[in-house]
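Just below is one structure, and these are the notes that go with it.
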Amino acid sequence: MDKLFIANLLYVAAAVLFILGLKKLSHPKTARNGNALASVGMLIAIVATLAFYGEIDYKLIILGMIIGSIIGALFAIKIEMTQMPQMVALFNGFGGGASALVAAAEFYSRTGAGETTTFLISTIALSVFVGTLTLTGSLIAFAKLQGLISGQPIVFKGQQVFNAIMAIAMVAFAVGMVLVPVNIYMYFLGVVILAAVLGVTLTIPIGGADMPVVISLLNSYSGVAAAATGFVLMNNGLIIAGSLVGASGLILTMIMCKGMNRSLANVIFGAVGLVQEDASGGAQQQMNIKSYSTEEAAMILDAAEKIIVVPGYGLAVAQAQHAVREVADFLEGQGKKVLYAIHPVAGRMPGHMNVLLAEANIPYEQLKDLDEINPEFEDCDVAIVLGANDVVNPAARHDKSSPIYGMPILDVDKSKTVLINKRTMNPGFAGIQNELFGFDNSIMVFGDAKQMLQQLLKDLKDL
Amino acid sequence: MDKLFIANLLYVAAAVLFILGLKKLSHPKTARNGNALASVGMLIAIVATLAFYGEIDYKLIILGMIIGSIIGALFAIKIEMTQMPQMVALFNGFGGGASALVAAAEFYSRTGAGETTTFLISTIALSVFVGTLTLTGSLIAFAKLQGLISGQPIVFKGQQVFNAIMAIAMVAFAVGMVLVPVNIYMYFLGVVILAAVLGVTLTIPIGGADMPVVISLLNSYSGVAAAATGFVLMNNGLIIAGSLVGASGLILTMIMCKGMNRSLANVIFGAVGLVQEDASGGAQQQMNIKSYSTEEAAMILDAAEKIIVVPGYGLAVAQAQHAVREVADFLEGQGKKVLYAIHPVAGRMPGHMNVLLAEANIPYEQLKDLDEINPEFEDCDVAIVLGANDVVNPAARHDKSSPIYGMPILDVDKSKTVLINKRTMNPGFAGIQNELFGFDNSIMVFGDAKQMLQQLLKDLKDL
Amino acid sequence: MIVAIPKEILSGENRVAATPATVKEFLKNGLTVQVESGAGNHSYISDQEYTDAGATIVEDKTALFGGADIVLKVNHCVEGEASLLKEGTIFTSLFQTTKEIDAVKALADKKITGFSMHLIPRTTLAQKMDALSSQSNIAGYKAVLTGASHLGVYMPLLMTAAGTIPPAKVMILGAGVAGLQAIATAKRLGAQVSAFDVRPVVKEQVESLGAKFIEVESSSDDGVGEGGYAKETSDDYKKRQADLIKEHIAKSDMVITTALIPGRPAPILIPKDMVEGMKPGSVIIDLAAENGGNCEVTEQDKIITAEGVIIDGTLNIPSSMPKHATQLYAKNIATFINYMVKDGEVNLDMDDEIISGSMFTHEGNIVHEPTQHALNQ
Amino acid sequence: MIVAIPKEILSGENRVAATPATVKEFLKNGLTVQVESGAGNHSYISDQEYTDAGATIVEDKTALFGGADIVLKVNHCVEGEASLLKEGTIFTSLFQTTKEIDAVKALADKKITGFSMHLIPRTTLAQKMDALSSQSNIAGYKAVLTGASHLGVYMPLLMTAAGTIPPAKVMILGAGVAGLQAIATAKRLGAQVSAFDVRPVVKEQVESLGAKFIEVESSSDDGVGEGGYAKETSDDYKKRQADLIKEHIAKSDMVITTALIPGRPAPILIPKDMVEGMKPGSVIIDLAAENGGNCEVTEQDKIITAEGVIIDGTLNIPSSMPKHATQLYAKNIATFINYMVKDGEVNLDMDDEIISGSMFTHEGNIVHEPTQHALNQ
Amino acid sequence: MDINILTVFILAIFVGFEIITKVPPTLHTPLMSGSNAISGIAIVGAIIATKVGGEIGTWLGLIAVIFATINVVGGFMVTDRMLKMFKRK
Amino acid sequence: MDINILTVFILAIFVGFEIITKVPPTLHTPLMSGSNAISGIAIVGAIIATKVGGEIGTWLGLIAVIFATINVVGGFMVTDRMLKMFKRK
Ligand SMILES: NC(=O)c1ccc[n+]([C@@H]2O[C@H](COP(=O)([O-])OP(=O)(O)OC[C@H]3O[C@@H](n4cnc5c(N)ncnc54)[C@H](OP(=O)(O)O)[C@@H]3O)[C@@H](O)[C@H]2O)c1
Ligand SMILES: NC(=O)c1ccc[n+]([C@@H]2O[C@H](COP(=O)([O-])OP(=O)(O)OC[C@H]3O[C@@H](n4cnc5c(N)ncnc54)[C@H](OP(=O)(O)O)[C@@H]3O)[C@@H](O)[C@H]2O)c1
Ligand SMILES: NC(=O)c1ccc[n+]([C@@H]2O[C@H](COP(=O)([O-])OP(=O)(O)OC[C@H]3O[C@@H](n4cnc5c(N)ncnc54)[C@H](O)[C@@H]3O)[C@@H](O)[C@H]2O)c1
Ligand SMILES: NC(=O)c1ccc[n+]([C@@H]2O[C@H](COP(=O)([O-])OP(=O)(O)OC[C@H]3O[C@@H](n4cnc5c(N)ncnc54)[C@H](O)[C@@H]3O)[C@@H](O)[C@H]2O)c1
């Protein structure tokens with residue numbers, strides 16, 4: 001068999017490993033394994049290329065790979081956990097950049113050699129365009145997350161129109177490359193520049209919680225760039241791996257959008273940031289409210305070991321006593337410890353919560369009163385506050401002007417995460433705002449308690 | 001572009017339609033659409049072949065296709081709904097047979113033309129082997145289901161060993177075809193004959209409820225045969241469609257096995273029938289007990305509109321009152337009507353069921369006593385009997401020798417389907433067997449009521 | 001044939017043997033019904049309602065008894081009533097035949113065919129006639145309400161601004177029909193309920209109501225006899241069992257006892273020293289008071305306080321819920337009578353388990369073994 | 001400073017103002033506690049238990065009152081008690097100041113600083129001292145138990161061999177603390193519960209307990225005024241509302257009334273004709289009896305039967321559950337006193353809403369507006 | 001052999017494995033039937049076979065065409081009939 | 001262009017769409033990071049480019065190799081670090 005055949009066979013093997021790796025990466029238990037598999041696939045692909053692809057400038061390549069490895073490893077090791085997202089963005093930019101560079105290299109050598117088939121030129125244009133856009137877009141995303149530029153969405157008037165014009169111009173240049181070989185280098189430069197600008201202008205209007213979606217989308221783009229490069233080089237390995245990443249990245253992006261209740265179009269066209277601003281600019285007086293989906297809440301609970309449920313009047317209003325029991329049963333079934341913290345004045349009559357929870361047959365031993373439960377919050381992973389408000393208002397501890405100052409409250413804020421469910425930001429019986437909702441370890445899951453718990457149960461089971 | 005390229009392009013389009021079709025076929029809402037898509041795909045593939053594949057004997061082919069269409073359509077239209085499974089088996093056999101025939105045709109013409117590359121001969125051998133096995137195996141499955149031969153598993157001593165020897169012999173012949181070109185026709189015949197015999201001996205020991213699994217497996221085989229034929233002809237369309245069917249058929253087979261709590265190995269090696277026999281041969285004195293999984297029960301409930309829950313002492317023992325409410329809530333949420341039939345002496349004290357169901361907060365309006373509910377069973381789709389026994393024993397109506405003769409019972413057997421949950425076949429308080437369990441419209445789902453209901457809920461949600 | 005429904009004359013009895021609904025059933029079966037004037041008063045049923053249902057109101061007790069073919073009562077045949085009956089009449093009531101020997105004799109002498117609702121076999125088929133069940137059920141329910149009213153504490157757990165109120169501990173001894181209903185009712189009110197009974201099948205039934213069954217865990221260190229049985233009946237086992245019950249009673253706020261042994265005095269389950277061990281303010285409801293009581297200190301038909309413990313020996317508890325007690329009893333007895341009657345005529349099928357089983361006098365003889373036995377002693 | 005806990009002298013009062021637990025709290029706060037001998041008897045607390053907690057037992061009432069700086073009682077200042085107090089003493093109890101005008105005057109004359117637990121503001125912060133809530137809660141709970149004991153029928157739905165027993169229909173009028181607890185308890189027992197209250201916020205609270213709130217559905221055909229309000233207060237609306245309640249009461253087996261208007265006689269919600277419309281054997285528990293009753297027919301502290309309906313006007317229901325009533329009340333009052341006391345000294349911060357709000361006499365003056373008002377009439 | 005055709009084969013198997021994940025039991029038979037109809041793709045081979053062959057090839061091809069057509073036509077039609085039943089009212 | 005390479009491309013896209021179906025939110029970032037590392041497959045192209053080229057090609061290829069290596073090495077390592085955190089005690 002000829003060497004190229006072997007190389008191609010190994011590429012297919014690598015592709016199989018990529019596929020298996022990606023599959024495993026999407027399940028918590030096998031994720032690490034999946035990553036390892038994929039990296040083995042990459043190793044195989046590299047070795048195959050080096051060994052079977054004919055005359056290569058080994059010295060140059062080894063040099064490049066050593067430099068790249070050192071930089072990559074340093075970044076990967078030095079970076080702090082909180083900076084992971086921007087790291088991914090940065091790496092992704094390099095990937096896109098590499099594709100564009102390869103296409104560019106091919107462009108110069110192949111056109112230099114007189115090859116200008118429509119197919120070649122158009123795949124080169126595509127690769128360069130997507131690769132460059134990925135590079136600059138990723139760099140912007142990195143800069144935003146790293147705080148080098150403002151993390152807030154940056155918008156200007158006519159942004160959409162501007163982007164559209166740029167995109168049209170770029171496509172025109174690309175067509176030019178194919179149709180008007182005379183000006184091919186100029187058009188090529190035009191494509192590169194416009195792609196670079198577009199990468200910036202498409203990314204800059206996005207901010208805050210939407211950044212991960214954008215990074216995921218850029219990741220998908222870098223796959224597309226690699227696939228396009230694969231067509232330039234007529235290389236199986238690049239085509240399979242690139243289109244894999246392109247497609248799966250798109251799916252992941254859509255999953256992430258769905259999790260945030262956004263459409264993909266919303267994200268791509270930069271309208272996201274604006275919506276976001278509206279939502280957070282409301283009446284919450286400087287409180288930084290984090291609103292989570294039940295799916296995310298489910299993940300948080302999944303990772304917890306000790307959970308304290310704090311029922312309040314809202315639970316009674318929603319008649320969610322059975323729903324809360326179902327969720328608690330499920331969590332207990334997974335070996336977690338679940339307790340209920342009953343504040344003496346929760347609800348609207350003495351013993352309101354007891355009546356409610358007795359109806360759902362929740363064992364008395366799990367119900368703890370204020371004095372018993374407060375020390376338990378210290379080592380509690382998640383406190384779930386269900387339709388309670390005044391009884392968990394930390395103002396009672398320190399704000400002398402508060403009408404509830406001096407009332408003993410449930411110290412839910414001592415637990416690692418506080419998951420709060422209510423329908424709105426409206427106050428409770430005492431009519432006062434609750435600063436707890438804005439705490440760093442607080443997470444709001446809005447909605448009617450019963451509906452929310454039912455959805456949560458579903459999501460827990462789906463994990 | 002050359003014609004072959006167009007043909008291949010169309011094959012790819014057909015393959016895409018097959019993929020989409022199969023995807024849609026696995027969701028209830030889109031299934032019919034999926035089937036249509038796949039058939040369009042097939043049309044494209046056929047047209048592409050006829051139009052772009054060069055010199056073909058059109059007359060012959062049109063003749064063949066007309067004959068085939070008439071036979072296929074007649075079968076498909078005339079057949080009764082209950083005979084669908086054997087129809088699928090029969091069609092599948094024809095498919096496998098066709099692959100084998102094509103491979104055989106290639107074998108004669110290509111070897112006649114002196115082509116005997118290892119690759120060609122081995123793919124031909126594979127195609128003929130799998131195709132023939134599929135044909136005879138499917139015919140046996142058809143005969144069993146159609147009642148032409150006994151539907152019971154047919155086993156004889158040393159069956160496994162016999163099959164193993166046959167299989168080895170066949171592989172030896174195939175190897176012979178490749179290595180000893182002189183005897184190639186003899187070996188070929190050997191492969192065909194042995195494959196035909198194997199198809200019979202592998203299928204014959206399987207019976208009863210396992211037949212669908214076998215048909216599904218044979219379906220997967222016919223895909224493999226088509227793919228192998230594709231390699232013989234170096235035809236993209238055959239390869240993609242064949243391997244699609246081969247892989248997805250295998251997955252489907254495994255899903256079906258899982259649903260029956262069997263391993264695939266169990267089915268393939270013909271041990272299935274034996275296990276089955278043991279389970280039904282027990283103490284049930286001639287009663288024909290149908291034991292269903294919760295998944296199947298979920299499907300039955302999904303199709304129902306009016307459901308009557310019949311709680312008994314077993315529900316109390318299992319403390320499954322909350323679980324039953326959850327299931328009922330879910331079903332009601334889907335727009336179904338759910339009622340509870342309370343027999344006056346269900347349980348072990350007057351009002352036992354009321355105490356139980358009140359604890360789960362089931363609305364009083366849904367609880368119906370004997371006189372109210374009995375007329376309701378007539379137009380009830382599913383009656384779910386949960387740990388009740390004596391109070392639904394039809395012997396009370398007609399068997400004068402029964403100690404409960406004359407007691408009014410709940411007429412659950414009047415409903416279309418009776419789904420009965422209990423742990424074993426043990427009798428209830430009165431100590432007598434219950435003929436209801438063997439009725440044609442009765443289905444048993446064994447297990448502790450609480451666990452069963454929880455699993456059922458999960459399965460209902462997964463539909 | 002004429003069915004007569006007399007007014008009950010035992011004091012404190014609020015029930016009556018028929019309701020307008022059962023009157024209609026009798027009529028449908030070809031019988032005629034006569035009701036003594038005012039019979040339904042205490043059950044909130046007026047004479048008018050009986051008349052509307054088709055019965056005749058009779059003012060004179062002598063005329064009523066004398067003219068009847070079938071007499072249905074709640075209580076046994078009280079002094080003088082037997083003498084009013086004509087020979088061959090069928091008399092049916094809740095009759096403790098082994099206790100009311102004199103009344104049995106009076107009926108036998110008059111050649112009355114006597115049936116007792118106490119003697120209806122406890123089979124699945126006979127449950128519609130099972131007055132013992134229907135009335136015990138009321139007793140079990142009422143016992144918890146009365147007990148909770150006596151109690152100085154809440155039944156349910158309540159966590160309030162003024163402190164946490166732990167749930168009351170309720171212990172049920174004897175988990176037959178009354179005991180099971182008591183468990184259910186106490187659980188409904190939110191109490192922590194445990195129960196004990198000598199019959200082992202009851203464990204599952206108690207647990208099926210969500211209560212705890214008190215039993216000595218079979219310690220695995222000292223070998224277990226055939227299937228565990230030998231050990232469980234050993235003296236050591238019994239002693240440990242008794243200790244366990246004592247321990248639970250001492251912690252209980254309320255104890256309801258229902259243990260009966262058919263035809264014999266009720267077993268003493270709570271001797272005086274156990275009462276002394278209880279918390280002041282706790283309550284014992286002794287549903288076995290009629291048969292001597294399960295508590296040594298119980299006084300029949302009295303609520304006393306001993307050692308700070310309130311002990312309620314009130315008799316005839318079902319009668320304190322007259323509307324439903326009557327409704328259910330009337331239904332039970334009507335089902336029984338209609339079971340024997342075909343087209344207006346009584347058919348005494350002696351092969352029938354229910355009929356022969358519940359009969360205690362017939363044609364001058366006492367036909368019920370244990371009653372005969374009690375008479376001879 | 002000395003806190004004195006006298007024995008209650010009003011007949012039928014089983015509660016007392018301190019428990020051993022609250023005695024300890026007082027001591028921890030630097031106070032001294034004296035308890036009248038036998039004060040805890042009816043609440044099952046012995047003198048010994050008080051002594052063990054650190055209190056001194058005083059036999060002589062005069063000495064106790066005369067030596068005290070703070071006197072804590074359950075009931076208002078009964079005749080003669082005021083005269084025993086020394087000037088400047090703090091007196092705290094459940095005091096209906098607008099009703100017990102004479103006692104108020106006696107305290108004012110003696111320059112006693114009087115606090116009433118009735119006047120503690122109903123704020124979130126003051127809930128630990130809210131004796132009205134803790135005692136109303138008991139009343140609501142007990143009302144259902146008593147009502148169920150009176151009833152001739154079962155509360156829950158039961159489907160038995162002798163027929164189906166429908167659930168009792170219970171109607172609660174006035175859904176404050178007592179009413180809500182009554183709803184919860186009746187629901188626990190399995191009854192079908194509906195409720196009514198004039199305050200619209202209560203609807204959600206009633207429904208949060210799973211009961212039905214009775215209200216006229218706003219018919220959409222005749223236009224709705226600003227936000228629906230205008231219409232709902234119209235006479236037509238009121239009439240329809242009254243009719244609806246009457247209709248529900250007629251169908252009810254048990255009615256529990258708790259409607260109060262602070263400082264005024266209880267509103268009549270069930271006039272005589274409504275009682276007549278009820279089924280014989282049904283029950284009314286009138287928790288407003290102390291303030292005149294919500295039912296026209298109610299007689300204070302009596303259980304009567306009128307038109308076949310049992311009407312229970314028993315007073316001081318919390319006292320019938322002495323253990324917990326005392327425990328909760330003692331905790332309420334102790335929290336209040338300890339709120340005012342810092343290091344053994346009383347600090348009367350007149351700016352404090354709770355302290356100034358619950359004070360009715362101080363330095364010879366009546367400082368509570370409505371009481372002053374009642375006095376002038 | 002062309003590497004790409006092998007790649008196609010492998011990828012097609014992956015797709016086959018992945019597209020079927022969760023199938024409700026009622027759809028087991030229709031899905032089986034539908035995928036069986038797709039395996040009638042052998043018809044393409046059969047058509048091609050008629051052309052290639054000498055005598056034997058042609059006749060074998062004809063039978064193959066008939067067989068495969070039965071599979072395709074019957075398969076899709078039966079599947080459709082089954083699925084029609086599931087339509088909810 | 002070879003039809004098979006197009007087929008490969010299409011099938012690979014299908015596989016890509018199908019393998020990712022349900023991903024718990026905590027795995028969103030690691031999965032993104034892992035798949036990003038795979039897109040470093042451009043390294044293969046970069047290696048090839050170094051050979052093909054004249055001057056520009058070679059140097060562009062070198063930079064491409066560096067970039068792609070950063071992507072690959074950094075990508076897989078960061079992903080692994082992230083995933084290590086999820087290990088349950
Ligand atoms: N226990 C007693 O005896 C008693 C008596 C009277 C008053 N209180 C007072 O009541 C308060 C009790 O505190 P708490 O924390 O229990 O209640 P809370 O402070 O009144 O807060 C209840 C919260 O539940 C939310 N809610 C309402 N319906 C809901 C639904 N269907 N689903 C989800 N959330 C819902 C409301 O927020 P959204 O509207 O945004 O959903 C509200 O903020 C205290 O201030 C106490 O003093 C108690
Ligand atoms: N209501 C009363 O007042 C009263 C009083 C005394 C007696 N009885 C008698 O009790 C009987 C009541 O009839 P019924 O139909 O309610 O009960 P039943 O006839 O006793 O049947 C109960 C069935 O539940 C099953 N079971 C037990 N535990 C279970 C669990 N954990 N999960 C699922 N199934 C379980 C048992 O079968 P497996 O063991 O196979 O699971 C049993 O066959 C009548 O004969 C009646 O006469 C009634
Ligand atoms: N077949 C039917 O349909 C039917 C109907 C009603 C009742 N029954 C059955 O009849 C049985 C008797 O019921 P009942 O309520 O009339 O019983 P009961 O009133 O005669 O006795 C009450 C309970 O006391 C228990 N007991 C006796 N001695 C005891 C002791 N020393 N310590 C503790 N407990 C003791 C008995 O076991 C019994 O459970 C029950 O098992 C019941 O299920 C059957
Ligand atoms: N802030 C707190 O933490 C706190 C604590 C306890 C009580 N509260 C609140 O105080 C309020 C009063 O409670 P309460 O139990 O002392 O009330 P209450 O005893 O004074 O009155 C009982 C109920 O009767 C109702 N009522 C009056 N007239 C009526 C009529 N004509 N018809 C029907 N109903 C009528 C009232 O609205 C009230 O709900 C409640 O809303 C309660 O939630 C608040």
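Numbering starts fresh at 1 for the residues of each chain in the structure tokens, the chains themselves are lettered A, B, ... in the order given, and ligands are numbered from 1 as they appear.
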
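Using only C-alpha atoms, the residues found no farther than 6 Å from segment 311-317 of chain C, other than those of its own chain fewer than 5 positions away, are Ala139, Val283, Ile284, Ile285, Asp286, Ala289, Thr298, Glu299, Gln300, Asp301, Lys302, Ile303, Ile304 and Thr305 of chain C.
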
Would you give me, as JSON lines, each residue of chain D having an atom within 12 Å of an atom of ligand 3, along with its shortest atom pair and that distance in Å to one decimal, using only C-alpha atoms and all ligand atoms and sorting by chain and residue number?
```
{"residue": "D:Thr160", "atom": "CA", "partner": "ligand 3", "partner_atom_place_in_ligand_line": "5 (C)", "distance": 10.6}
{"residue": "D:Ala161", "atom": "CA", "partner": "ligand 3", "partner_atom_place_in_ligand_line": "3 (O)", "distance": 9.1}
{"residue": "D:Ala162", "atom": "CA", "partner": "ligand 3", "partner_atom_place_in_ligand_line": "5 (C)", "distance": 11.4}
```

Polymer residues at most 12 Å from Thr424 of chain A, only C-alpha atoms, same-chain spacing of 3 or more positions, as number ranges by chain: A: 283-284, 289, 291, 314, 387, 389, 420-421, 427-428, 433, 437, 444-449

What residues in chain F have any atom no more than 8 Å from chain B when counting only C-alpha atoms, and can you write them as a count of residues only? 3

Would you list the residues that come within 7 Å of ligand 4? Count only C-alpha atoms and all ligand atoms and give the answer as a PyMOL selection string. (chain A and resi 345+348-349) or (chain D and resi 122-124+126-127+130+132-133+136+173-179+196-199+258-262+267+269)

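Counting only C-alpha atoms, every residue of chain C that comes within 9 Å of chain A is listed here: C:Pro156, C:Leu157, C:Leu158, C:Met159, C:Thr160, C:Ala161, C:Ala162, C:Gly163, C:Thr164, C:Pro167, C:Arg188, C:Gly190, C:Gln192.
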
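With only C-alpha atoms as the atoms that count, the residue of E:Gly16, E:Gly45, E:Gly61, E:Gly40 with the shortest distance to chain F is E:Gly16.
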
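The gap separating atom CA of Ile62 of chain A from atom CA of Asn36 of chain F is 22.3 Å, in Å to one decimal.
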
Residues of chain D within 9 Å of chain C, only C-alpha atoms counted, as a PyMOL selection string: chain D and resi 43-44+127-131+134+138+141-142+145-146+148-154+160-163+165+185+188-190+280-281+308+319-325+327-332+335

Among the residues of segment 1-159 of chain D, find those DSSP assigns to helix (DSSP H, G or I) from the backbone and print them as a ChimeraX atom specification. /D:20-28,41-43,47-53,61-67,81-84,101-109,117-119,125-129,131-150

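Each of B:Lys258, B:Lys414, B:Lys422, B:Arg397 was compared to ligand 2 using only C-alpha atoms and all ligand atoms, and B:Lys422 turns out to be the nearest.
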
Going by DSSP on the backbone, which residues of segment 114-205 of chain C come out as strand (DSSP E)? List them as a VMD selection string. chain C and resid 114 to 116 158 to 160 163 to 165 169 to 173 192 to 196

Resulting file, chosen residues, N, CA and C atoms, as an mmCIF file, in the first residue's frame:
```cif
data_model
loop_
_atom_site.group_PDB
_atom_site.id
_atom_site.type_symbol
_atom_site.label_atom_id
_atom_site.label_comp_id
_atom_site.auth_asym_id
_atom_site.auth_seq_id
_atom_site.Cartn_x
_atom_site.Cartn_y
_atom_site.Cartn_z
ATOM 1 N N GLY C 114 -83.126 -16.731 67.360
ATOM 2 C CA GLY C 114 -82.276 -15.564 67.659
ATOM 3 C C GLY C 114 -81.019 -15.542 66.807
ATOM 4 N N PHE C 115 -80.762 -14.405 66.234
ATOM 5 C CA PHE C 115 -79.500 -14.192 65.514
ATOM 6 C C PHE C 115 -78.733 -13.070 66.203
ATOM 7 N N SER C 116 -77.421 -13.232 66.272
ATOM 8 C CA SER C 116 -76.616 -12.116 66.790
ATOM 9 C C SER C 116 -75.700 -11.595 65.701
ATOM 10 N N LEU C 158 -45.846 21.163 65.394
ATOM 11 C CA LEU C 158 -46.021 22.552 64.953
ATOM 12 C C LEU C 158 -44.773 23.328 65.324
ATOM 13 N N MET C 159 -44.228 24.037 64.375
ATOM 14 C CA MET C 159 -43.069 24.869 64.664
ATOM 15 C C MET C 159 -43.539 26.308 64.623
ATOM 16 N N THR C 160 -43.671 26.917 65.771
ATOM 17 C CA THR C 160 -44.261 28.251 65.823
ATOM 18 C C THR C 160 -43.290 29.231 66.443
ATOM 19 N N GLY C 163 -42.145 28.555 69.897
ATOM 20 C CA GLY C 163 -41.465 27.305 70.177
ATOM 21 C C GLY C 163 -41.984 26.153 69.333
ATOM 22 N N THR C 164 -41.214 25.084 69.339
ATOM 23 C CA THR C 164 -41.598 23.917 68.555
ATOM 24 C C THR C 164 -42.393 22.952 69.416
ATOM 25 N N ILE C 165 -43.551 22.572 68.900
ATOM 26 C CA ILE C 165 -44.422 21.628 69.581
ATOM 27 C C ILE C 165 -44.165 20.258 68.967
ATOM 28 N N LYS C 169 -47.321 11.461 70.953
ATOM 29 C CA LYS C 169 -47.030 10.039 70.712
ATOM 30 C C LYS C 169 -48.271 9.241 71.064
ATOM 31 N N VAL C 170 -48.763 8.507 70.102
ATOM 32 C CA VAL C 170 -49.966 7.721 70.326
ATOM 33 C C VAL C 170 -49.625 6.255 70.152
ATOM 34 N N MET C 171 -50.114 5.456 71.101
ATOM 35 C CA MET C 171 -49.825 4.016 71.046
ATOM 36 C C MET C 171 -51.163 3.296 70.966
ATOM 37 N N ILE C 172 -51.261 2.369 70.019
ATOM 38 C CA ILE C 172 -52.498 1.620 69.860
ATOM 39 C C ILE C 172 -52.223 0.166 70.233
ATOM 40 N N LEU C 173 -52.963 -0.359 71.176
ATOM 41 C CA LEU C 173 -52.790 -1.761 71.541
ATOM 42 C C LEU C 173 -53.965 -2.555 70.998
ATOM 43 N N GLN C 192 -47.503 10.844 66.160
ATOM 44 C CA GLN C 192 -46.564 9.767 65.885
ATOM 45 C C GLN C 192 -47.193 8.500 66.431
ATOM 46 N N VAL C 193 -47.509 7.574 65.567
ATOM 47 C CA VAL C 193 -48.310 6.440 65.998
ATOM 48 C C VAL C 193 -47.517 5.154 65.965
ATOM 49 N N SER C 194 -47.628 4.392 67.057
ATOM 50 C CA SER C 194 -47.091 3.041 67.022
ATOM 51 C C SER C 194 -48.180 2.099 67.516
ATOM 52 N N ALA C 195 -48.041 0.830 67.194
ATOM 53 C CA ALA C 195 -49.108 -0.104 67.522
ATOM 54 C C ALA C 195 -48.530 -1.467 67.842
ATOM 55 N N PHE C 196 -49.335 -2.234 68.592
ATOM 56 C CA PHE C 196 -48.931 -3.610 68.874
ATOM 57 C C PHE C 196 -50.151 -4.517 68.826
#
```
